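Participant: For reference, the file run_36.txt (compact mmCIF, C-alpha atoms) is included below:
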# COMPACT_ATOMS: atom_id res chain seq x y z
CA MET A 1 6.51 -74.50 -14.79
CA ALA A 2 7.76 -73.00 -11.53
CA GLN A 3 7.27 -69.29 -11.03
CA ILE A 4 9.75 -67.09 -9.19
CA ILE A 5 8.27 -64.02 -7.50
CA VAL A 6 10.37 -61.28 -5.94
CA VAL A 7 8.74 -59.30 -3.17
CA THR A 8 10.43 -55.93 -3.31
CA SER A 9 9.92 -52.24 -2.48
CA GLY A 10 13.11 -50.20 -2.29
CA LYS A 11 12.04 -48.64 0.99
CA GLY A 12 12.34 -50.57 4.25
CA GLY A 13 9.54 -51.25 6.69
CA VAL A 14 6.70 -51.27 4.18
CA GLY A 15 5.78 -54.94 4.69
CA LYS A 16 7.95 -57.06 2.37
CA THR A 17 8.61 -59.83 4.89
CA THR A 18 5.01 -59.86 6.15
CA THR A 19 3.85 -60.07 2.53
CA THR A 20 6.29 -62.85 1.57
CA ALA A 21 5.13 -64.95 4.54
CA ALA A 22 1.44 -64.23 3.97
CA LEU A 23 1.46 -64.87 0.21
CA GLY A 24 3.63 -67.99 0.61
CA ALA A 25 1.32 -69.49 3.22
CA ALA A 26 -1.79 -68.59 1.21
CA LEU A 27 -0.39 -70.29 -1.91
CA ALA A 28 0.58 -73.35 0.14
CA ARG A 29 -2.92 -73.56 1.63
CA ASN A 30 -4.20 -73.84 -1.94
CA GLY A 31 -2.12 -77.01 -2.23
CA GLN A 32 0.81 -75.46 -4.11
CA ASN A 33 4.40 -76.39 -3.36
CA VAL A 34 5.97 -73.19 -2.09
CA ALA A 35 9.43 -72.08 -1.00
CA VAL A 36 10.01 -68.68 0.61
CA VAL A 37 13.61 -67.47 0.40
CA ASP A 38 15.10 -64.74 2.59
CA PHE A 39 17.64 -62.61 0.68
CA ASP A 40 18.21 -60.15 3.51
CA VAL A 41 21.67 -61.38 4.48
CA GLY A 42 22.79 -60.04 7.85
CA LEU A 43 19.30 -58.85 8.79
CA ARG A 44 17.20 -61.95 8.33
CA ASN A 45 13.67 -61.80 9.67
CA LEU A 46 11.56 -64.09 7.55
CA ASP A 47 12.43 -66.98 9.90
CA LEU A 48 11.11 -64.99 12.86
CA VAL A 49 7.90 -63.89 11.15
CA MET A 50 7.30 -67.52 10.07
CA GLY A 51 8.08 -68.82 13.58
CA VAL A 52 10.96 -71.13 12.58
CA GLU A 53 13.83 -69.11 14.10
CA ARG A 54 14.85 -71.95 16.43
CA ARG A 55 14.99 -74.52 13.66
CA VAL A 56 17.57 -72.77 11.46
CA VAL A 57 20.67 -74.94 10.95
CA PHE A 58 21.92 -74.06 7.47
CA ASP A 59 21.11 -71.01 5.38
CA LEU A 60 21.11 -69.64 1.83
CA ILE A 61 24.83 -68.78 1.94
CA ASN A 62 25.77 -72.29 3.08
CA VAL A 63 23.91 -73.64 0.05
CA VAL A 64 25.33 -71.01 -2.34
CA GLN A 65 28.86 -71.84 -1.18
CA GLY A 66 28.26 -75.58 -1.30
CA ASP A 67 28.65 -76.18 2.46
CA ALA A 68 25.16 -77.65 2.71
CA THR A 69 22.64 -79.13 0.31
CA LEU A 70 19.39 -77.36 -0.45
CA HIS A 71 17.54 -80.22 1.22
CA GLN A 72 19.51 -79.71 4.45
CA ALA A 73 18.84 -75.97 4.56
CA LEU A 74 15.12 -75.95 3.73
CA ILE A 75 12.86 -75.84 6.78
CA ARG A 76 9.41 -77.33 6.35
CA ASP A 77 6.56 -75.43 7.97
CA LYS A 78 4.78 -77.47 10.64
CA ARG A 79 1.35 -75.93 10.00
CA CYS A 80 1.44 -76.26 6.26
CA GLU A 81 3.45 -79.14 4.85
CA THR A 82 3.77 -77.83 1.29
CA LEU A 83 5.47 -74.66 2.59
CA SER A 84 9.24 -74.47 3.06
CA ILE A 85 11.54 -71.67 4.07
CA LEU A 86 15.15 -71.04 3.12
CA PRO A 87 16.58 -68.59 5.68
CA ALA A 88 19.28 -65.99 5.08
CA SER A 89 22.50 -65.95 7.05
CA GLN A 90 22.56 -63.73 10.10
CA THR A 91 26.32 -63.64 10.60
CA ARG A 92 27.83 -63.58 7.12
CA ASP A 93 28.08 -60.51 5.02
CA LYS A 94 26.08 -59.91 1.88
CA ASP A 95 29.11 -60.18 -0.38
CA SER A 96 29.16 -63.93 0.27
CA LEU A 97 26.27 -64.24 -2.17
CA THR A 98 27.64 -64.82 -5.65
CA ALA A 99 25.56 -64.35 -8.79
CA GLU A 100 26.46 -67.84 -10.08
CA GLY A 101 25.73 -69.47 -6.71
CA VAL A 102 22.32 -67.80 -6.53
CA SER A 103 21.52 -68.89 -10.11
CA ARG A 104 22.35 -72.48 -9.23
CA VAL A 105 20.16 -72.45 -6.10
CA MET A 106 17.29 -70.85 -8.04
CA GLU A 107 17.48 -73.52 -10.75
CA GLU A 108 17.41 -76.25 -8.13
CA LEU A 109 14.42 -74.61 -6.39
CA ARG A 110 12.59 -74.38 -9.73
CA GLU A 111 12.79 -78.15 -10.06
CA LYS A 112 11.34 -78.81 -6.61
CA PHE A 113 8.62 -76.18 -6.17
CA ASP A 114 5.68 -74.58 -7.99
CA TRP A 115 6.27 -71.13 -6.51
CA ILE A 116 9.45 -69.53 -5.16
CA LEU A 117 9.00 -66.25 -3.28
CA CYS A 118 12.14 -64.17 -2.74
CA ASP A 119 12.01 -61.68 0.12
CA SER A 120 14.24 -58.81 -1.07
CA PRO A 121 16.31 -56.67 1.29
CA ALA A 122 15.51 -52.95 1.33
CA GLY A 123 17.55 -50.66 -0.87
CA ILE A 124 18.57 -50.89 -4.51
CA GLU A 125 22.01 -52.39 -4.11
CA ARG A 126 23.50 -55.81 -4.74
CA GLY A 127 21.29 -57.81 -2.38
CA ALA A 128 18.11 -56.35 -3.87
CA GLN A 129 19.43 -56.89 -7.40
CA LEU A 130 20.29 -60.53 -6.72
CA ALA A 131 16.83 -61.10 -5.23
CA MET A 132 15.09 -59.72 -8.33
CA HIS A 133 17.45 -61.12 -10.96
CA HIS A 134 15.71 -64.44 -11.64
CA ALA A 135 12.16 -63.25 -11.08
CA ASP A 136 9.27 -63.97 -13.45
CA HIS A 137 6.95 -61.79 -11.36
CA ALA A 138 7.55 -58.88 -9.02
CA VAL A 139 5.24 -57.90 -6.19
CA ILE A 140 6.03 -54.26 -5.48
CA VAL A 141 5.00 -53.53 -1.91
CA THR A 142 4.11 -49.86 -1.51
CA ASN A 143 2.63 -47.76 1.29
CA PRO A 144 0.38 -44.85 0.30
CA GLU A 145 3.06 -42.39 1.30
CA VAL A 146 5.42 -40.20 -0.76
CA SER A 147 8.80 -41.75 0.07
CA SER A 148 7.55 -45.30 -0.46
CA VAL A 149 6.00 -44.42 -3.84
CA ARG A 150 9.18 -42.71 -4.98
CA ASP A 151 11.33 -45.72 -4.04
CA SER A 152 8.90 -48.09 -5.75
CA ASP A 153 9.31 -46.07 -8.92
CA ARG A 154 13.07 -46.67 -8.78
CA ILE A 155 12.49 -50.39 -8.32
CA VAL A 156 10.14 -50.44 -11.33
CA GLY A 157 12.95 -48.94 -13.41
CA MET A 158 15.40 -51.60 -12.18
CA LEU A 159 12.98 -54.46 -12.87
CA ASP A 160 12.79 -53.23 -16.45
CA SER A 161 16.56 -53.07 -16.90
CA ARG A 162 18.55 -55.23 -14.47
CA THR A 163 16.83 -58.61 -14.43
CA ALA A 164 17.51 -61.79 -16.39
CA ARG A 165 14.20 -61.31 -18.19
CA ALA A 166 15.06 -57.71 -19.12
CA GLU A 167 18.44 -58.84 -20.45
CA GLN A 168 16.67 -61.36 -22.72
CA GLY A 169 14.31 -58.66 -23.98
CA GLU A 170 11.41 -60.01 -21.95
CA ARG A 171 9.51 -58.44 -19.10
CA VAL A 172 9.15 -59.21 -15.43
CA GLU A 173 5.42 -59.13 -14.71
CA LYS A 174 4.91 -56.37 -12.19
CA HIS A 175 2.16 -56.24 -9.59
CA LEU A 176 1.44 -53.42 -7.18
CA LEU A 177 0.49 -54.40 -3.63
CA LEU A 178 -0.61 -51.47 -1.53
CA THR A 179 -0.12 -52.18 2.17
CA ARG A 180 -0.85 -50.34 5.43
CA TYR A 181 -3.76 -48.68 3.72
CA ASP A 182 -5.99 -46.71 6.08
CA PRO A 183 -9.45 -46.32 4.52
CA ALA A 184 -10.57 -43.70 7.06
CA ARG A 185 -7.63 -41.43 6.32
CA ALA A 186 -7.94 -41.98 2.58
CA ALA A 187 -11.62 -40.97 2.82
CA ARG A 188 -10.55 -37.74 4.51
CA ASP A 189 -8.01 -37.07 1.73
CA GLU A 190 -5.17 -37.32 4.22
CA MET A 191 -3.57 -40.23 2.41
CA LEU A 192 -2.79 -40.98 -1.23
CA SER A 193 -5.70 -42.96 -2.65
CA VAL A 194 -5.38 -46.33 -4.39
CA ASP A 195 -6.04 -44.63 -7.75
CA ASP A 196 -3.39 -41.98 -7.07
CA VAL A 197 -0.70 -44.63 -6.52
CA ILE A 198 -1.75 -46.68 -9.57
CA ASP A 199 -1.74 -43.52 -11.71
CA ILE A 200 1.69 -42.45 -10.54
CA LEU A 201 3.42 -45.85 -10.82
CA SER A 202 1.45 -47.27 -13.79
CA VAL A 203 1.68 -50.80 -12.38
CA PRO A 204 -1.41 -53.07 -12.30
CA LEU A 205 -2.91 -53.57 -8.86
CA LEU A 206 -2.61 -56.96 -7.16
CA GLY A 207 -4.32 -56.02 -3.92
CA VAL A 208 -4.87 -53.53 -1.15
CA VAL A 209 -3.98 -54.67 2.37
CA PRO A 210 -5.50 -52.50 5.10
CA GLU A 211 -3.50 -51.40 8.12
CA SER A 212 -4.49 -53.84 10.85
CA GLU A 213 -3.52 -54.97 14.31
CA ASP A 214 -3.85 -58.57 13.12
CA VAL A 215 -0.57 -58.22 11.21
CA LEU A 216 1.42 -57.34 14.35
CA LYS A 217 -0.39 -60.01 16.38
CA ALA A 218 0.53 -62.62 13.80
CA SER A 219 4.21 -61.66 13.76
CA ASN A 220 4.21 -61.63 17.59
CA VAL A 221 3.35 -65.33 17.59
CA GLY A 222 5.47 -66.20 14.55
CA ALA A 223 2.79 -67.06 12.00
CA PRO A 224 1.94 -65.64 8.58
CA VAL A 225 -1.23 -63.55 8.95
CA THR A 226 -2.97 -65.80 6.41
CA LEU A 227 -2.52 -68.74 8.83
CA ALA A 228 -2.84 -66.92 12.18
CA ALA A 229 -6.01 -64.99 11.33
CA PRO A 230 -7.36 -66.27 8.00
CA ASN A 231 -10.63 -64.35 8.38
CA SER A 232 -9.04 -60.99 9.15
CA ALA A 233 -9.17 -58.16 6.62
CA PRO A 234 -5.44 -58.29 5.72
CA ALA A 235 -5.54 -62.09 5.30
CA LYS A 236 -8.54 -61.80 2.97
CA ALA A 237 -6.65 -59.25 0.89
CA TYR A 238 -3.66 -61.63 0.64
CA PHE A 239 -5.87 -64.60 -0.30
CA GLU A 240 -7.43 -62.48 -3.02
CA ALA A 241 -3.98 -61.41 -4.26
CA VAL A 242 -2.93 -65.06 -4.49
CA ARG A 243 -5.97 -65.96 -6.60
CA ARG A 244 -4.99 -63.17 -8.95
CA LEU A 245 -1.36 -64.42 -9.09
CA GLU A 246 -2.71 -67.85 -9.98
CA GLY A 247 -4.34 -66.28 -13.01
CA GLU A 248 -7.90 -65.73 -11.85
CA GLU A 249 -9.45 -62.47 -12.96
CA LEU A 250 -11.34 -60.80 -10.18
CA PRO A 251 -11.84 -57.18 -9.21
CA VAL A 252 -9.64 -55.87 -6.39
CA SER A 253 -11.64 -55.11 -3.27
CA ILE A 254 -10.70 -51.76 -1.79
CA PRO A 255 -11.04 -51.73 2.00
CA THR A 256 -13.65 -49.26 3.22
CA GLU A 257 -14.04 -47.59 6.54
CA LYS A 258 -15.76 -49.70 9.17
CA ARG A 259 -18.33 -47.59 10.94
CA GLY A 260 -20.25 -48.26 14.10
CA LEU A 261 -23.52 -46.49 14.91
CA LEU A 262 -21.74 -43.84 16.97
CA ASP A 263 -19.26 -43.11 14.17
CA PHE A 264 -22.20 -42.79 11.85
CA ILE A 265 -23.93 -40.25 14.08
CA PHE A 266 -20.75 -38.23 14.51
CA LYS A 267 -19.45 -38.74 11.00
CA LYS A 268 -19.09 -34.99 10.42
CA ARG A 269 -16.29 -34.99 12.91
CA GLY A 270 -14.13 -37.24 10.83
CA ALA A 271 -14.89 -35.56 7.53
CA MET B 272 -21.61 -24.48 9.15
CA SER B 273 -21.27 -25.76 5.63
CA PHE B 274 -20.43 -22.37 4.17
CA LEU B 275 -17.74 -22.01 6.80
CA ASP B 276 -16.32 -25.41 5.82
CA ASN B 277 -16.22 -24.31 2.20
CA PHE B 278 -14.65 -21.03 3.13
CA PHE B 279 -11.82 -22.68 5.00
CA SER B 280 -11.29 -25.72 2.81
CA ARG B 281 -11.01 -23.76 -0.43
CA LYS B 282 -7.86 -22.09 0.82
CA LYS B 283 -5.97 -25.33 1.31
CA PRO B 284 -5.94 -28.33 -1.03
CA SER B 285 -6.05 -31.69 0.78
CA SER B 286 -2.70 -33.08 1.86
CA SER B 287 -3.18 -36.14 -0.37
CA ALA B 288 -3.60 -33.87 -3.41
CA VAL B 289 -0.40 -32.06 -2.47
CA ALA B 290 1.39 -35.41 -2.15
CA ARG B 291 0.13 -36.55 -5.54
CA ASN B 292 1.24 -33.36 -7.30
CA ARG B 293 4.65 -33.34 -5.67
CA LEU B 294 5.24 -36.97 -6.65
CA GLN B 295 4.11 -36.45 -10.23
CA ILE B 296 6.51 -33.55 -10.70
CA LEU B 297 9.41 -35.27 -8.95
CA LEU B 298 9.06 -38.60 -10.74
CA ALA B 299 8.68 -36.98 -14.17
CA HIS B 300 12.04 -35.37 -13.48
CA GLU B 301 13.74 -38.46 -11.99
CA ARG B 302 12.58 -40.73 -14.80
CA GLY B 303 14.07 -38.24 -17.26
CA VAL B 304 17.41 -38.21 -15.46
CA SER B 305 17.77 -41.95 -15.03
CA GLY B 306 16.66 -42.73 -18.60
CA GLU B 307 19.99 -42.82 -20.42
CA ASP B 308 18.22 -43.10 -23.79
CA ASP B 309 16.66 -39.70 -23.32
CA THR B 310 19.89 -37.89 -22.50
CA THR B 311 21.69 -39.33 -25.52
CA LEU B 312 18.71 -38.44 -27.71
CA LEU B 313 18.76 -34.87 -26.44
CA ARG B 314 22.51 -34.56 -26.91
CA THR B 315 22.30 -35.82 -30.49
CA LEU B 316 19.39 -33.50 -31.28
CA HIS B 317 21.26 -30.56 -29.81
CA ARG B 318 24.36 -31.27 -31.88
CA GLU B 319 22.52 -31.82 -35.15
CA ILE B 320 20.27 -28.80 -34.77
CA LEU B 321 23.37 -26.66 -34.19
CA GLU B 322 24.99 -28.10 -37.33
CA VAL B 323 21.99 -27.22 -39.49
CA LEU B 324 21.68 -23.76 -37.96
CA ALA B 325 25.39 -23.04 -38.42
CA ARG B 326 24.99 -23.32 -42.21
CA HIS B 327 22.65 -20.37 -42.27
CA VAL B 328 22.94 -18.32 -39.10
CA SER B 329 25.47 -17.94 -36.35
CA VAL B 330 24.01 -19.18 -33.11
CA ASP B 331 25.71 -19.57 -29.82
CA GLN B 332 25.63 -23.14 -28.42
CA ASP B 333 24.10 -21.88 -25.16
CA ASN B 334 21.20 -20.29 -27.01
CA VAL B 335 19.79 -23.64 -28.11
CA ASN B 336 17.71 -25.30 -25.42
CA ILE B 337 16.00 -28.64 -25.84
CA LYS B 338 13.64 -30.06 -23.26
CA LEU B 339 11.83 -33.39 -23.31
CA ASP B 340 8.86 -34.03 -21.04
CA ARG B 341 7.75 -37.63 -20.88
CA GLY B 342 4.06 -38.01 -20.10
CA GLN B 343 2.01 -41.17 -19.81
CA ASN B 344 -0.01 -40.60 -22.97
CA CYS B 345 1.86 -37.80 -24.66
CA SER B 346 5.38 -36.42 -24.51
CA THR B 347 6.42 -32.96 -25.55
CA LEU B 348 9.71 -31.89 -27.12
CA GLU B 349 10.42 -28.23 -26.64
CA ILE B 350 13.12 -26.59 -28.74
CA ASP B 351 14.01 -23.01 -27.94
CA ILE B 352 16.51 -21.21 -30.20
CA GLN B 353 17.53 -17.63 -29.67
CA VAL B 354 18.86 -16.08 -32.85
CA PRO B 355 20.82 -12.85 -32.53
CA GLU B 356 19.49 -10.11 -34.82
CA THR B 357 22.92 -9.28 -36.26
CA GLY B 358 23.90 -12.88 -36.96
CA LEU B 359 20.75 -13.49 -38.98
CA ARG B 360 21.14 -10.33 -41.07
CA ALA B 361 24.80 -10.92 -41.86
CA GLN B 362 24.16 -14.41 -43.24
CA VAL B 363 21.17 -13.34 -45.32
CA SER B 364 23.14 -10.54 -46.97
CA THR B 365 25.92 -12.89 -48.03
CA LEU B 366 23.36 -15.23 -49.54
CA ALA B 367 21.57 -12.49 -51.41
CA PRO B 368 24.04 -12.01 -54.35
CA ASP B 369 23.86 -15.69 -55.24
CA LEU B 370 20.12 -15.59 -55.53
CA LYS B 371 20.13 -12.95 -58.25
Would you give me this structure, written as structure tokens?
Facilitator:
Amino acid sequence: MAQIIVVTSGKGGVGKTTTTAALGAALARNGQNVAVVDFDVGLRNLDLVMGVERRVVFDLINVVQGDATLHQALIRDKRCETLSILPASQTRDKDSLTAEGVSRVMEELREKFDWILCDSPAGIERGAQLAMHHADHAVIVTNPEVSSVRDSDRIVGMLDSRTARAEQGERVEKHLLLTRYDPARAARDEMLSVDDVIDILSVPLLGVVPESEDVLKASNVGAPVTLAAPNSAPAKAYFEAVRRLEGEELPVSIPTEKRGLLDFIFKKRGA
Amino acid sequence: MSFLDNFFSRKKPSSSAVARNRLQILLAHERGVSGEDDTTLLRTLHREILEVLARHVSVDQDNVNIKLDRGQNCSTLEIDIQVPETGLRAQVSTLAPDLK
């Protein structure tokens, strides 16, 4: 049975697109058939982060409106053949997405893939609601920072009330993914800790992705971080998150501060 | 040095602790506002409590305050009713003859 995951956050710039690409590629590397779908109409970026921006011919809106078939619009990743991307439209406006059209495309995707990851636009309006509507799971991407946590709380409320599952009296399974986590600052109590965010949001933890230059490097070259730098700390966190999504029970590793000898000698300075 | 550290740090809680407290207070409030179930519950309670009170004492609508605090493990319902001294006495005296 295909699983639809919405990657959402409310706030912009917290790492939704990076996460969609990284989780999608990690699932595909495990041999799963994966489609990543960009719902950010007018501001598409998943194509760029995945490095397929020059191969876009048709997009989600063309398929929703019946101008192209799903097969024509899906772009197959060249590094990972079980990974496909359905880009958003860059020129059309978000009102071109109809609820019925999106339902139809989602049903068709369910037949073809094991996992469908929907990259939600920021905000809590129509685009974000359409992206979450069909979801079985939600990955709530949150930074350990007050405005991001507040917006995530709004999204949690919407997942419990405005989704197809909520309307049928069921629940969307929610997962908290903490990104841009800086262990050094958390150790100095300058940043909300992992436990603080879990306590406040009451959503089970899927993973903690440390702030890392590897993420920017990967997007520079147009590759999900799990493909560009599979041994980097953020990629490891995403691989672990994927194992948990696939149903494995394993403890979440919390990134700790990396310390060289000099840091160790001068550790008082940081504390 | 360590006593100096303690001296200075005790004055100011860490910024992450401030963030956590601010968020907890804010979200407790926002969840209350957005939860439509809670506001209808409070409105119903307010109306029915006034009805019961009106049978025995005269209470002004503004003197009945109901507050609901949703916590993770435990929620508290706070009902605050201010009864005017004169209103209470007047009603009791009219009841008194019947009791004899």
Participant: Sort by chain and increasing residue number a table of all residues of chain B within 8 Å of chain A, each with its closest pair of atoms and their distance in Å to one decimal, counting only C-alpha atoms, and write it as JSON lines.
Facilitator:
{"residue": "B:Ser285", "atom": "CA", "partner": "A:Asp189", "partner_atom": "CA", "distance": 5.8}
{"residue": "B:Ser286", "atom": "CA", "partner": "A:Glu190", "partner_atom": "CA", "distance": 5.4}
{"residue": "B:Ser287", "atom": "CA", "partner": "A:Leu192", "partner_atom": "CA", "distance": 4.9}
{"residue": "B:Ala288", "atom": "CA", "partner": "A:Leu192", "partner_atom": "CA", "distance": 7.5}
{"residue": "B:Ala290", "atom": "CA", "partner": "A:Val146", "partner_atom": "CA", "distance": 6.4}
{"residue": "B:Arg291", "atom": "CA", "partner": "A:Asp196", "partner_atom": "CA", "distance": 6.6}
{"residue": "B:Leu294", "atom": "CA", "partner": "A:Val146", "partner_atom": "CA", "distance": 6.7}
{"residue": "B:Gln295", "atom": "CA", "partner": "A:Ile200", "partner_atom": "CA", "distance": 6.5}
{"residue": "B:Leu298", "atom": "CA", "partner": "A:Arg150", "partner_atom": "CA", "distance": 7.1}
Participant: Taking (18.3, -27.4, -30.7) in the file's coordinates as the center, which residues reach within 9 Å of it, counting all atoms listed in the file, put as a PyMOL selection string?
Facilitator: chain B and resi 313+316-321+324+332+334-337+349-352
Participant: With distances taken over only C-alpha atoms, which residue among A:Ala235, A:Val156, A:Leu86, A:Ala138 lies nearest Glu211 (chain A)?
Facilitator: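 That would be A:Ala235, the residue with the smallest distance to Glu211 (chain A).
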Participant: CA of Met50 (chain A) and CA of Arg76 (chain A) are how many Å apart?
Facilitator: 10.7 Å
Participant: Do you have the CA of Gly169 (chain A)-CA of Asp95 (chain A) distance handy?
Facilitator: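 Pair CA of Gly169 (chain A) / CA of Asp95 (chain A) returns 27.9 Å.
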Participant: Any idea what the distance is between CA of Val209 (chain A) and CA of Arg302 (chain B)?
Facilitator: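 Interatomic distance, CA of Val209 (chain A) to CA of Arg302 (chain B): 27.6 Å.
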Participant: Find the spatial neighbours of region 215-222 of chain A, counting all atoms listed in the file, within a cut-off of 7 Å - ignore same-chain residues fewer than 3 positions away - and output them as a ChimeraX atom specification.
Facilitator: /A:48-51,212,225,228
Participant: Around the point (27.7, -16.3, -31.9) (coordinates from the file), which residues reach within 8 Å if we count only C-alpha atoms? Answer as a list in words.
Facilitator: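 The requested residues, written out, are Ser329, Val330, Asp331, Gln332, Pro355 and Gly358 of chain B.
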Participant: Of the candidates A:Thr82, A:Ser148, A:Asn231, A:Thr256, which one gets nearest to Ala187 (chain A) if we count all atoms listed in the file?
Facilitator: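 Of the candidates, the smallest distance to Ala187 (chain A) is held by A:Thr256.
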Participant: Check the smallest atom-to-atom distance from each of A:Asp119, A:Glu170, A:Asp160, A:Glu249 to Leu23 (chain A) using all atoms listed in the file, then report the winner.
Facilitator: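 Distance minimum relative to Leu23 (chain A) lands on A:Asp119.
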Participant: Output requested as a compact mmCIF listing (two decimals), keeping the file's coordinate frame - region 332-339 of chain B, filled out with all heavy atoms.
Facilitator:
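out_6.txt, freshly written:
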# COMPACT_ATOMS: atom_id res chain seq x y z
N GLN B 332 26.04 -21.82 -28.92
CA GLN B 332 25.63 -23.14 -28.42
C GLN B 332 24.68 -23.03 -27.23
O GLN B 332 23.74 -23.81 -27.10
CB GLN B 332 26.89 -23.90 -28.02
CG GLN B 332 26.60 -25.36 -27.74
CD GLN B 332 27.87 -26.15 -27.56
OE1 GLN B 332 28.94 -25.77 -28.02
NE2 GLN B 332 27.75 -27.27 -26.87
N ASP B 333 24.93 -22.02 -26.37
CA ASP B 333 24.10 -21.88 -25.16
C ASP B 333 22.71 -21.34 -25.46
O ASP B 333 21.84 -21.38 -24.59
CB ASP B 333 24.80 -20.94 -24.16
CG ASP B 333 26.12 -21.52 -23.71
OD1 ASP B 333 26.26 -22.77 -23.79
OD2 ASP B 333 27.00 -20.76 -23.30
N ASN B 334 22.51 -20.85 -26.69
CA ASN B 334 21.20 -20.29 -27.01
C ASN B 334 20.24 -21.31 -27.62
O ASN B 334 19.17 -20.97 -28.09
CB ASN B 334 21.35 -19.09 -27.94
CG ASN B 334 21.93 -17.89 -27.21
OD1 ASN B 334 21.84 -17.82 -25.99
ND2 ASN B 334 22.54 -16.99 -27.95
N VAL B 335 20.68 -22.57 -27.64
CA VAL B 335 19.79 -23.64 -28.11
C VAL B 335 19.43 -24.51 -26.92
O VAL B 335 20.29 -25.15 -26.32
CB VAL B 335 20.46 -24.50 -29.21
CG1 VAL B 335 19.55 -25.63 -29.64
CG2 VAL B 335 20.83 -23.63 -30.40
N ASN B 336 18.15 -24.49 -26.55
CA ASN B 336 17.71 -25.30 -25.42
C ASN B 336 16.68 -26.33 -25.85
O ASN B 336 15.71 -25.99 -26.52
CB ASN B 336 17.08 -24.41 -24.34
CG ASN B 336 18.14 -23.59 -23.64
OD1 ASN B 336 19.13 -24.13 -23.17
ND2 ASN B 336 17.94 -22.27 -23.61
N ILE B 337 16.93 -27.58 -25.48
CA ILE B 337 16.00 -28.64 -25.84
C ILE B 337 15.51 -29.31 -24.56
O ILE B 337 16.31 -29.66 -23.69
CB ILE B 337 16.66 -29.69 -26.75
CG1 ILE B 337 17.30 -28.99 -27.95
CG2 ILE B 337 15.64 -30.72 -27.20
CD1 ILE B 337 18.04 -29.93 -28.86
N LYS B 338 14.21 -29.45 -24.46
CA LYS B 338 13.64 -30.06 -23.26
C LYS B 338 12.66 -31.15 -23.67
O LYS B 338 11.86 -30.96 -24.58
CB LYS B 338 12.91 -28.99 -22.44
CG LYS B 338 13.02 -29.21 -20.95
CD LYS B 338 12.52 -28.00 -20.19
CE LYS B 338 11.02 -28.05 -20.03
NZ LYS B 338 10.46 -26.84 -19.43
N LEU B 339 12.75 -32.28 -23.01
CA LEU B 339 11.83 -33.39 -23.31
C LEU B 339 11.03 -33.71 -22.05
O LEU B 339 11.61 -33.98 -20.99
CB LEU B 339 12.64 -34.61 -23.76
CG LEU B 339 11.85 -35.87 -24.10
CD1 LEU B 339 10.91 -35.64 -25.28
CD2 LEU B 339 12.81 -37.01 -24.45
